[in-house]
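Raw contents of work.pdb, PDB, C-alpha atoms:
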MODEL        1
ATOM      1  CA  MET A 125      -3.411  92.523 -36.659
ATOM      2  CA  ILE A 126      -0.679  90.918 -34.678
ATOM      3  CA  GLU A 127      -3.033  90.389 -31.826
ATOM      4  CA  GLU A 128      -5.469  88.608 -34.119
ATOM      5  CA  LEU A 129      -2.710  86.351 -35.431
ATOM      6  CA  LEU A 130      -1.626  85.570 -31.939
ATOM      7  CA  GLY A 131      -5.196  84.804 -30.934
ATOM      8  CA  ALA A 132      -5.635  82.536 -33.953
ATOM      9  CA  ALA A 133      -2.387  80.724 -33.211
ATOM     10  CA  ALA A 134      -3.423  80.235 -29.624
ATOM     11  CA  GLY A 135      -6.742  78.822 -30.768
ATOM     12  CA  VAL A 136      -5.067  76.436 -33.188
ATOM     13  CA  ALA A 137      -2.655  75.339 -30.482
ATOM     14  CA  ALA A 138      -5.537  74.756 -28.116
ATOM     15  CA  VAL A 139      -7.366  72.727 -30.744
ATOM     16  CA  GLY A 140      -4.161  70.794 -31.405
ATOM     17  CA  LEU A 141      -3.732  70.058 -27.751
ATOM     18  CA  VAL A 142      -7.310  68.890 -27.496
ATOM     19  CA  TYR A 143      -6.849  66.678 -30.569
ATOM     20  CA  VAL A 144      -3.641  65.178 -29.221
ATOM     21  CA  ALA A 145      -5.250  64.577 -25.872
ATOM     22  CA  ALA A 146      -8.172  62.865 -27.564
ATOM     23  CA  ALA A 147      -6.017  60.838 -29.958
ATOM     24  CA  ALA A 148      -3.217  59.803 -27.622
ATOM     25  CA  ARG A 149      -3.331  56.286 -26.193
ATOM     26  CA  VAL A 150      -0.942  54.274 -24.054
ATOM     27  CA  VAL A 151      -0.743  50.506 -24.385
ATOM     28  CA  LYS A 152       0.783  48.694 -21.401
ATOM     29  CA  GLN A 153       3.495  46.093 -21.653
ATOM     30  CA  TYR A 154       1.176  43.127 -21.035
ATOM     31  CA  GLU A 155      -1.470  44.426 -23.463
ATOM     32  CA  ARG A 156      -1.963  44.654 -27.212
ATOM     33  CA  GLY A 157      -4.121  47.220 -29.014
ATOM     34  CA  VAL A 158      -6.611  46.429 -31.757
ATOM     35  CA  ILE A 159      -7.913  49.457 -33.712
ATOM     36  CA  LEU A 160     -11.257  49.415 -35.459
ATOM     37  CA  ARG A 161     -11.698  52.350 -37.852
ATOM     38  CA  LEU A 162     -15.322  52.872 -38.690
ATOM     39  CA  GLY A 163     -15.981  49.298 -37.591
ATOM     40  CA  ARG A 164     -13.244  47.680 -39.671
ATOM     41  CA  LEU A 165      -9.936  46.270 -38.479
ATOM     42  CA  ARG A 166      -7.274  48.848 -39.168
ATOM     43  CA  GLY A 167      -3.668  47.847 -39.649
ATOM     44  CA  SER A 168      -1.775  45.557 -37.387
ATOM     45  CA  VAL A 169      -2.002  45.129 -33.657
ATOM     46  CA  ARG A 170      -0.502  48.070 -31.759
ATOM     47  CA  GLU A 171       2.475  47.208 -29.653
ATOM     48  CA  PRO A 172       3.008  48.415 -26.062
ATOM     49  CA  GLY A 173       3.831  52.105 -25.668
ATOM     50  CA  PHE A 174       2.444  55.425 -26.924
ATOM     51  CA  THR A 175       0.156  55.326 -29.936
ATOM     52  CA  MET A 176      -2.209  57.714 -31.785
ATOM     53  CA  ILE A 177      -5.682  57.157 -33.156
ATOM     54  CA  LEU A 178      -8.204  59.317 -34.957
ATOM     55  CA  PRO A 179     -10.696  60.632 -32.448
ATOM     56  CA  ALA A 180     -14.329  59.812 -33.179
ATOM     57  CA  VAL A 181     -13.190  57.542 -36.028
ATOM     58  CA  ASP A 182     -10.956  54.915 -34.493
ATOM     59  CA  ARG A 183     -11.727  52.806 -31.470
ATOM     60  CA  LEU A 184      -8.897  51.098 -29.600
ATOM     61  CA  HIS A 185      -9.538  47.746 -27.892
ATOM     62  CA  LYS A 186      -6.909  46.642 -25.408
ATOM     63  CA  VAL A 187      -6.464  42.896 -24.961
ATOM     64  CA  ASN A 188      -4.732  41.439 -21.912
ATOM     65  CA  MET A 189      -2.020  38.941 -22.923
ATOM     66  CA  GLN A 190      -1.379  37.592 -19.421
ATOM     67  CA  ILE A 191      -2.239  34.072 -18.331
ATOM     68  CA  VAL A 192      -5.771  34.058 -16.946
ATOM     69  CA  THR A 193      -6.770  31.752 -14.090
ATOM     70  CA  MET A 194     -10.426  30.831 -14.426
ATOM     71  CA  PRO A 195     -12.178  28.536 -11.934
ATOM     72  CA  VAL A 196     -14.696  26.160 -13.457
ATOM     73  CA  PRO A 197     -17.903  25.844 -11.401
ATOM     74  CA  ALA A 198     -18.521  22.438  -9.853
ATOM     75  CA  GLN A 199     -20.298  20.101 -12.239
ATOM     76  CA  GLU A 200     -22.409  17.180 -11.090
ATOM     77  CA  GLY A 201     -22.527  14.088 -13.244
ATOM     78  CA  ILE A 202     -22.705  10.294 -13.308
ATOM     79  CA  THR A 203     -19.555   8.328 -14.017
ATOM     80  CA  ARG A 204     -19.342   5.343 -16.296
ATOM     81  CA  ASP A 205     -19.743   2.985 -13.327
ATOM     82  CA  ASN A 206     -22.975   4.772 -12.235
ATOM     83  CA  VAL A 207     -21.627   6.847  -9.349
ATOM     84  CA  THR A 208     -22.883  10.400  -8.829
ATOM     85  CA  VAL A 209     -19.977  12.804  -8.292
ATOM     86  CA  ARG A 210     -19.434  16.550  -8.176
ATOM     87  CA  VAL A 211     -16.212  17.794  -9.791
ATOM     88  CA  ASP A 212     -14.718  21.256 -10.053
ATOM     89  CA  ALA A 213     -11.629  22.359 -11.969
ATOM     90  CA  VAL A 214      -9.481  25.356 -12.909
ATOM     91  CA  VAL A 215      -8.348  26.500 -16.380
ATOM     92  CA  TYR A 216      -5.184  28.444 -17.201
ATOM     93  CA  PHE A 217      -5.214  30.153 -20.616
ATOM     94  CA  GLN A 218      -3.869  33.219 -22.399
ATOM     95  CA  VAL A 219      -4.573  35.173 -25.557
ATOM     96  CA  VAL A 220      -2.023  34.660 -28.316
ATOM     97  CA  ASP A 221      -3.838  36.526 -31.132
ATOM     98  CA  ALA A 222      -5.442  39.766 -29.964
ATOM     99  CA  ALA A 223      -7.215  40.435 -33.268
ATOM    100  CA  ALA A 224      -8.838  36.963 -33.349
ATOM    101  CA  ALA A 225      -9.907  37.306 -29.712
ATOM    102  CA  ILE A 226     -11.756  40.552 -30.600
ATOM    103  CA  ILE A 227     -13.093  39.655 -34.067
ATOM    104  CA  ASN A 228     -13.862  35.902 -33.925
ATOM    105  CA  VAL A 229     -15.635  35.675 -30.557
ATOM    106  CA  GLU A 230     -17.836  38.076 -28.664
ATOM    107  CA  ASP A 231     -16.426  37.355 -25.200
ATOM    108  CA  TYR A 232     -13.565  34.899 -25.144
ATOM    109  CA  ARG A 233     -13.600  34.598 -21.347
ATOM    110  CA  PHE A 234     -17.245  33.566 -21.265
ATOM    111  CA  ALA A 235     -16.697  31.215 -24.198
ATOM    112  CA  VAL A 236     -13.770  29.477 -22.498
ATOM    113  CA  SER A 237     -15.765  29.166 -19.271
ATOM    114  CA  GLN A 238     -18.760  27.532 -20.968
ATOM    115  CA  MET A 239     -16.551  25.229 -23.005
ATOM    116  CA  ALA A 240     -14.702  24.139 -19.845
ATOM    117  CA  GLN A 241     -17.960  23.301 -18.071
ATOM    118  CA  THR A 242     -19.320  21.190 -20.924
ATOM    119  CA  SER A 243     -15.990  19.424 -21.409
ATOM    120  CA  LEU A 244     -15.771  18.654 -17.703
ATOM    121  CA  ARG A 245     -19.231  17.063 -17.721
ATOM    122  CA  SER A 246     -18.237  15.016 -20.748
ATOM    123  CA  ILE A 247     -15.074  13.812 -19.016
ATOM    124  CA  ILE A 248     -17.098  12.778 -15.967
ATOM    125  CA  GLY A 249     -19.427  10.642 -18.077
ATOM    126  CA  LYS A 250     -16.535   8.902 -19.869
ATOM    127  CA  SER A 251     -14.464   8.076 -16.778
ATOM    128  CA  ASP A 252     -14.716   5.668 -13.874
ATOM    129  CA  LEU A 253     -14.642   6.716 -10.255
ATOM    130  CA  ASP A 254     -11.199   5.182  -9.752
ATOM    131  CA  ASP A 255      -9.836   7.275 -12.633
ATOM    132  CA  LEU A 256     -11.250  10.462 -11.144
ATOM    133  CA  LEU A 257      -9.637   9.697  -7.803
ATOM    134  CA  SER A 258      -6.254   8.265  -8.802
ATOM    135  CA  ASN A 259      -5.604   8.935 -12.498
ATOM    136  CA  ARG A 260      -6.223  12.672 -12.696
ATOM    137  CA  GLU A 261      -3.171  13.469 -14.815
ATOM    138  CA  LYS A 262      -4.569  11.548 -17.770
ATOM    139  CA  LEU A 263      -7.977  13.202 -17.358
ATOM    140  CA  ASN A 264      -6.348  16.632 -17.203
ATOM    141  CA  GLN A 265      -4.603  16.009 -20.514
ATOM    142  CA  GLY A 266      -7.827  14.839 -22.136
ATOM    143  CA  LEU A 267      -9.695  17.876 -20.825
ATOM    144  CA  GLU A 268      -6.974  20.189 -22.121
ATOM    145  CA  LEU A 269      -7.216  18.697 -25.606
ATOM    146  CA  MET A 270     -11.000  19.108 -25.611
ATOM    147  CA  LEU A 271     -10.661  22.798 -24.720
ATOM    148  CA  ASP A 272      -7.707  23.596 -26.936
ATOM    149  CA  SER A 273      -9.309  22.518 -30.208
ATOM    150  CA  PRO A 274     -12.043  25.217 -30.399
ATOM    151  CA  ALA A 275      -9.978  27.801 -28.507
ATOM    152  CA  ILE A 276      -7.375  28.008 -31.286
ATOM    153  CA  GLY A 277      -9.881  29.759 -33.575
ATOM    154  CA  TRP A 278     -10.601  32.283 -30.823
ATOM    155  CA  GLY A 279      -6.964  33.322 -30.545
ATOM    156  CA  VAL A 280      -6.745  31.673 -27.114
ATOM    157  CA  GLN A 281      -4.256  29.028 -26.032
ATOM    158  CA  ILE A 282      -5.107  26.679 -23.164
ATOM    159  CA  ASP A 283      -2.055  26.469 -20.956
ATOM    160  CA  ARG A 284      -3.220  23.923 -18.406
ATOM    161  CA  VAL A 285      -6.357  22.332 -16.921
ATOM    162  CA  GLU A 286      -6.485  20.847 -13.422
ATOM    163  CA  ILE A 287      -9.252  18.942 -11.626
ATOM    164  CA  LYS A 288      -9.325  20.399  -8.129
ATOM    165  CA  ASP A 289     -11.751  18.314  -6.124
ATOM    166  CA  VAL A 290     -14.088  15.345  -6.467
ATOM    167  CA  SER A 291     -17.043  15.336  -4.065
ATOM    168  CA  LEU A 292     -18.726  12.010  -3.330
ATOM    169  CA  PRO A 293     -22.063  11.237  -1.632
ATOM    170  CA  GLU A 294     -21.942  10.311   2.027
ATOM    171  CA  SER A 295     -23.149   6.764   1.340
ATOM    172  CA  MET A 296     -20.323   6.246  -1.152
ATOM    173  CA  LYS A 297     -17.800   7.631   1.333
ATOM    174  CA  ARG A 298     -18.981   5.158   3.961
ATOM    175  CA  SER A 299     -18.806   2.281   1.482
ATOM    176  CA  MET A 300     -15.277   3.230   0.456
ATOM    177  CA  ALA A 301     -14.278   3.561   4.100
ATOM    178  CA  ARG A 302     -15.586   0.060   4.832
ATOM    179  CA  GLN A 303     -13.769  -1.303   1.797
ATOM    180  CA  ALA A 304     -10.511   0.324   2.850
ATOM    181  CA  GLU A 305     -10.937  -0.939   6.397
ATOM    182  CA  ALA A 306     -11.577  -4.483   5.172
ATOM    183  CA  ASP A 307      -8.520  -4.324   2.941
ATOM    184  CA  ARG A 308      -6.351  -3.125   5.820
ATOM    185  CA  GLU A 309      -7.765  -5.884   8.036
ATOM    186  CA  ARG A 310      -6.956  -8.472   5.376
ATOM    187  CA  ARG A 311      -3.380  -7.263   5.060
ATOM    188  CA  ALA A 312      -3.006  -7.219   8.849
ATOM    189  CA  ARG A 313      -4.199 -10.815   9.095
ATOM    190  CA  VAL A 314      -1.857 -11.947   6.325
ATOM    191  CA  ILE A 315       1.088 -10.237   8.012
ATOM    192  CA  ASN A 316       0.110 -11.735  11.371
ATOM    193  CA  ALA A 317      -0.185 -15.227   9.864
ATOM    194  CA  ASP A 318       3.206 -14.847   8.206
ATOM    195  CA  ALA A 319       4.716 -13.772  11.522
ATOM    196  CA  GLU A 320       3.147 -16.781  13.276
ATOM    197  CA  LEU A 321       4.584 -19.098  10.625
ATOM    198  CA  GLN A 322       8.083 -17.694  11.026
ATOM    199  CA  ALA A 323       7.790 -17.790  14.813
ATOM    200  CA  SER A 324       6.638 -21.420  14.744
ATOM    201  CA  LYS A 325       9.646 -22.386  12.620
ATOM    202  CA  LYS A 326      12.009 -20.663  15.024
ATOM    203  CA  LEU A 327      10.291 -22.267  18.020
ATOM    204  CA  ALA A 328      10.606 -25.690  16.402
ATOM    205  CA  GLU A 329      14.327 -25.142  15.926
ATOM    206  CA  ALA A 330      14.627 -24.012  19.533
ATOM    207  CA  ALA A 331      12.722 -27.099  20.711
ATOM    208  CA  HIS A 332      15.160 -29.360  18.855
ATOM    209  CA  GLN A 333      18.074 -27.564  20.474
ATOM    210  CA  MET A 334      16.533 -27.882  23.938
ATOM    211  CA  ALA A 335      15.869 -31.576  23.342
ATOM    212  CA  ASP A 336      19.588 -32.111  22.776
ATOM    213  CA  ALA A 337      20.462 -30.051  25.906
ATOM    214  CA  PRO A 338      17.682 -30.315  28.551
ATOM    215  CA  SER A 339      19.417 -27.805  30.811
ATOM    216  CA  ALA A 340      18.632 -25.094  28.251
ATOM    217  CA  LEU A 341      14.934 -25.461  29.109
ATOM    218  CA  GLN A 342      15.647 -24.651  32.749
ATOM    219  CA  LEU A 343      17.742 -21.626  31.758
ATOM    220  CA  ARG A 344      14.954 -20.373  29.524
ATOM    221  CA  LEU A 345      12.489 -20.781  32.367
ATOM    222  CA  LEU A 346      14.702 -18.747  34.668
ATOM    223  CA  GLN A 347      14.979 -16.006  32.049
ATOM    224  CA  THR A 348      11.185 -15.883  31.794
ATOM    225  CA  VAL A 349      10.893 -15.551  35.561
ATOM    226  CA  MET A 350      13.421 -12.695  35.569
ATOM    227  CA  ALA A 351      11.525 -10.890  32.777
ATOM    228  CA  VAL A 352       8.224 -11.161  34.620
ATOM    229  CA  ALA A 353       9.749 -10.171  37.960
ATOM    230  CA  ALA A 354      11.156  -6.988  36.425
ATOM    231  CA  GLU A 355       7.593  -5.640  36.068
ATOM    232  CA  LYS A 356       7.193  -5.632  39.915
ATOM    233  CA  ASN A 357       4.295  -8.070  39.895
ATOM    234  CA  SER A 358       3.074  -9.408  43.225
ATOM    235  CA  THR A 359       1.682 -12.633  41.791
ATOM    236  CA  LEU A 360       3.450 -14.885  39.347
ATOM    237  CA  VAL A 361       1.662 -17.802  37.696
ATOM    238  CA  LEU A 362       4.239 -19.965  35.989
ATOM    239  CA  PRO A 363       3.367 -23.244  34.226
ATOM    240  CA  ILE A 364       6.030 -25.909  34.787
ATOM    241  CA  PRO A 365       6.336 -28.540  32.055
ATOM    242  CA  VAL A 366       6.401 -32.206  32.983
ATOM    243  CA  GLU A 367       9.719 -32.688  31.202
ATOM    244  CA  LEU A 368      11.327 -30.199  33.571
ATOM    245  CA  LEU A 369      10.030 -32.109  36.605
ATOM    246  CA  ARG A 370      11.392 -35.352  35.236
ATOM    247  CA  PHE A 371      14.725 -33.687  34.586
ATOM    248  CA  LEU A 372      14.866 -32.333  38.141
ATOM    249  CA  GLU A 373      13.844 -35.733  39.548
ATOM    250  CA  ARG A 374      16.635 -37.472  37.662
ATOM    251  CA  GLY A 375      19.102 -34.834  38.858
ATOM    252  CA  ALA A 376      18.007 -35.243  42.510
ATOM    253  CA  GLN A 377      18.555 -39.054  42.590
ATOM    254  CA  PRO A 378      22.053 -40.360  43.585
ATOM    255  CA  PRO A 379      24.053 -42.139  40.922
ATOM    256  CA  GLN A 380      23.724 -45.591  42.648
ATOM    257  CA  ASP A 381      19.938 -45.367  42.671
ATOM    258  CA  GLN A 382      19.971 -44.405  39.049
ATOM    259  CA  ALA A 383      22.183 -47.395  38.190
ATOM    260  CA  ALA A 384      19.990 -49.745  40.232
ATOM    261  CA  ARG A 385      16.902 -48.338  38.588
ATOM    262  CA  ALA A 386      18.462 -48.843  35.188
ATOM    263  CA  THR A 387      19.265 -52.533  36.004
ATOM    264  CA  THR A 388      15.828 -53.253  37.440
ATOM    265  CA  GLU A 389      13.986 -51.852  34.519
ATOM    266  CA  PRO A 390      13.072 -54.669  32.149
ATOM    267  CA  ALA A 391      14.829 -54.569  28.880
ATOM    268  CA  ALA A 392      12.907 -54.584  25.736
ATOM    269  CA  VAL A 393      12.569 -58.108  24.393
ATOM    270  CA  PRO A 394      13.051 -58.281  20.654
ATOM    271  CA  GLU A 395      10.496 -60.100  18.693
ATOM    272  CA  PRO A 396      11.552 -63.562  17.480
ATOM    273  CA  ALA A 397      12.542 -63.787  13.891
ATOM    274  CA  THR A 398      10.431 -65.924  11.626
ATOM    275  CA  VAL A 399      12.043 -69.220  10.587
ATOM    276  CA  ASP A 400      10.959 -71.394   7.724
ATOM    277  CA  GLU A 401      11.778 -74.672   9.577
ATOM    278  CA  PRO A 402       9.136 -76.102  11.926
ATOM    279  CA  ALA A 403       9.538 -75.601  15.653
ATOM    280  CA  ALA A 404       9.455 -79.365  16.358
ATOM    281  CA  VAL A 405      12.906 -79.888  14.793
ATOM    282  CA  SER A 406      14.581 -77.319  17.036
ATOM    283  CA  GLU A 407      13.311 -78.843  20.313
ATOM    284  CA  PRO A 408      15.522 -82.018  20.417
ATOM    285  CA  ILE A 409      18.546 -79.957  19.475
ATOM    286  CA  ALA A 410      17.836 -77.592  22.373
ATOM    287  CA  VAL A 411      17.668 -80.576  24.742
ATOM    288  CA  GLU A 412      20.955 -82.115  23.488
ATOM    289  CA  GLU A 413      22.831 -78.806  23.729
ATOM    290  CA  SER A 414      21.549 -78.016  27.190
ATOM    291  CA  THR A 415      24.331 -77.073  29.562
ATOM    292  CA  GLU A 416      22.435 -77.577  32.793
ATOM    293  CA  PRO A 417      24.284 -79.768  35.325
ATOM    294  CA  PRO A 418      22.893 -83.288  35.830
ATOM    295  CA  ALA A 419      20.685 -83.832  38.754
ATOM    296  CA  GLU A 420      22.369 -85.251  41.874
ATOM    297  CA  PRO A 421      21.613 -89.020  42.493
ATOM    298  CA  THR A 422      19.416 -89.786  45.419
ATOM    299  CA  ALA A 423      20.913 -91.669  48.390
ATOM    300  CA  GLU A 424      20.208 -95.458  48.203
ATOM    301  CA  PRO A 425      20.432 -97.905  51.172
ATOM    302  CA  PRO A 426      23.638-100.018  51.295
ATOM    303  CA  ALA A 427      23.377-103.336  49.582
ATOM    304  CA  GLU A 428      23.428-106.433  51.728
ATOM    305  CA  PRO A 429      26.527-108.591  51.430
ATOM    306  CA  PRO A 430      26.071-111.759  49.433
ATOM    307  CA  ALA A 431      25.391-114.894  51.305
ATOM    308  CA  GLU A 432      28.473-117.083  51.979
ATOM    309  CA  PRO A 433      28.505-120.489  50.431
ATOM    310  CA  PRO A 434      28.205-123.359  52.800
ATOM    311  CA  GLY A 435      31.390-125.059  54.059
ATOM    312  CA  GLN A 436      33.452-121.845  54.201
ATOM    313  CA  VAL A 437      34.548-120.131  57.352
ATOM    314  CA  PRO A 438      34.193-116.516  57.360
ATOM    315  CA  LEU A 439      37.334-114.554  57.760
ATOM    316  CA  LYS A 440      37.538-112.130  60.585
TER     317      LYS A 440
ENDMDL
END
What does the file become when written as structure tokens?
Amino acid sequence: MIEELLGAAAGVAAVGLVYVAAAARVVKQYERGVILRLGRLRGSVREPGFTMILPAVDRLHKVNMQIVTMPVPAQEGITRDNVTVRVDAVVYFQVVDAAAAIINVEDYRFAVSQMAQTSLRSIIGKSDLDDLLSNREKLNQGLELMLDSPAIGWGVQIDRVEIKDVSLPESMKRSMARQAEADRERRARVINADAELQASKKLAEAAHQMADAPSALQLRLLQTVMAVAAEKNSTLVLPIPVELLRFLERGAQPPQDQAARATTEPAAVPEPATVDEPAAVSEPIAVEESTEPPAEPTAEPPAEPPAEPPGQVPLK
């Protein structure tokens, strides 16, 4: 009898162990458990840890609550300015309601992927090429709003959406390269012209200074010769200005020759001033006021003595 009781107890214990082994479940820290009993949602979501279910009656669905990184396949579309581009992106999302993710949608991962692809194509058609290349932050926000609206009913929250790459046709790349090169050439020419303008102003100021001190021109010439000679050149072609030759010629002449040359050079005659009176009136006055010495009288033969009257004796 005792042996039968012991055998029955052992059988019950074995059945109990089998039941516990079949009913025991472990939910990890980053997961949540959703139990469906005979196809209906049973109770609340099971928290992480050890939990029990009814074997063959309950079915436990574990939902990952971590942030999922899902790449969006590259989508080809035409922008608003009629440029064909190929854009790919990445979506970061996580499940916030495990029960809704199991009950409301068949496969929330596939649903988010398809929604991201369609939203990306829609964003491409509404944007310009410049926005896709330089204003991606605004497009990312718009794409996130488009995905977040339907995902709320699926128990999924869109954390972030990023456009990874924008592929352009080769012809468009060449056109953009030519445009960028032309823009750089334009800026280089403007900068060069500005530099020439500033240099010309400085050279004009230097020319005025050298005009006041001609010896500065010779010093500048000597500095140029020294700078060229420092490069160890065998041939030196140096243009000499005419002003420098004149300066050297004036410096080579003695002071007396310079004074004589200054006296022999004709002075500039000022133009006569216009007078209202006629020129005929001024001529007699010029004759009367003339300071020229009178002409010397010409030698005349001596006059003959007068004839003596008759009857007088000449005195001796």
A:Val352, A:Leu292, A:Leu253, A:Val285 ranked by distance to Met194 of chain A, top pick (using all atoms listed in the file): A:Val285
Length of the atom CA of Val220 of chain A to atom CA of Ala275 of chain A vector [Å]: 10.5 Å
Gap from atom CA of Asp205 of chain A to atom CA of Ile247 of chain A - Å, one decimal: 13.1 Å
Picked residues, the PyMOL selection byres ((chain A and resi 148) around 9), expected as number ranges by chain: A: 143-147, 149-150, 174-179
Evaluate the PyMOL selection byres ((chain A and resi 208) around 12) and report residues as number ranges by chain: A: 199-207, 209-211, 245, 248-249, 251-253, 256, 290-297
Point (-3.5, 38.3, -34.7) neighbourhood (9 Å, only C-alpha atoms) written as number ranges by chain: A: 168-169, 220-225, 279
Of the listed residues A:Gln303, A:Leu263, A:Pro338, A:Leu129, that which approaches Leu372 of chain A most closely, counting all atoms listed in the file: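 Of A:Gln303, A:Leu263, A:Pro338, A:Leu129, the one nearest Leu372 of chain A, counting all atoms listed in the file, is A:Pro338.
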Shell of 12 Å around Leu271 of chain A, all atoms listed in the file, local chain residues under 5 positions omitted, as an MDAnalysis selection string: chainID A and resid 215:217 235:244 246:247 264:266 276:278 280:285
Residue selection dump (C-alpha atoms) as a compact mmCIF listing (two decimals), keeping the file's coordinate frame:
# COMPACT_ATOMS: atom_id res chain seq x y z
CA VAL A 215 -8.35 26.50 -16.38
CA TYR A 216 -5.18 28.44 -17.20
CA PHE A 217 -5.21 30.15 -20.62
CA ALA A 235 -16.70 31.22 -24.20
CA VAL A 236 -13.77 29.48 -22.50
CA SER A 237 -15.76 29.17 -19.27
CA GLN A 238 -18.76 27.53 -20.97
CA MET A 239 -16.55 25.23 -23.00
CA ALA A 240 -14.70 24.14 -19.84
CA GLN A 241 -17.96 23.30 -18.07
CA THR A 242 -19.32 21.19 -20.92
CA SER A 243 -15.99 19.42 -21.41
CA LEU A 244 -15.77 18.65 -17.70
CA SER A 246 -18.24 15.02 -20.75
CA ILE A 247 -15.07 13.81 -19.02
CA ASN A 264 -6.35 16.63 -17.20
CA GLN A 265 -4.60 16.01 -20.51
CA GLY A 266 -7.83 14.84 -22.14
CA ILE A 276 -7.38 28.01 -31.29
CA GLY A 277 -9.88 29.76 -33.58
CA TRP A 278 -10.60 32.28 -30.82
CA VAL A 280 -6.74 31.67 -27.11
CA GLN A 281 -4.26 29.03 -26.03
CA ILE A 282 -5.11 26.68 -23.16
CA ASP A 283 -2.06 26.47 -20.96
CA ARG A 284 -3.22 23.92 -18.41
CA VAL A 285 -6.36 22.33 -16.92
Residue list as a PyMOL selection string for point (-8.8, 22.2, -9.8), cut-off 7 Å, only C-alpha atoms: chain A and resi 212-214+286-289
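Computed from the coordinates, the atom CA of Arg233 of chain A to atom CA of Asp182 of chain A distance equals 24.3 Å.
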Within 12 Å of Ser339 of chain A using only C-alpha atoms, minus same-chain residues under 6 positions, as number ranges by chain: A: 333, 345-346, 367-372, 375
Which of A:Ala180, A:Ile159, A:Leu343, A:Ala317 sits closest to Ile226 of chain A [using all atoms listed in the file]: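 Of A:Ala180, A:Ile159, A:Leu343, A:Ala317, the one nearest Ile226 of chain A, counting all atoms listed in the file, is A:Ile159.
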Axis-aligned box for segment 261-280 of chain A, 5 Å per side, centre and edges in Å as AutoDock Vina command-line options:
--center_x -7.6 --center_y 22.4 --center_z -24.2 --size_x 18.9 --size_y 31.8 --size_z 28.8
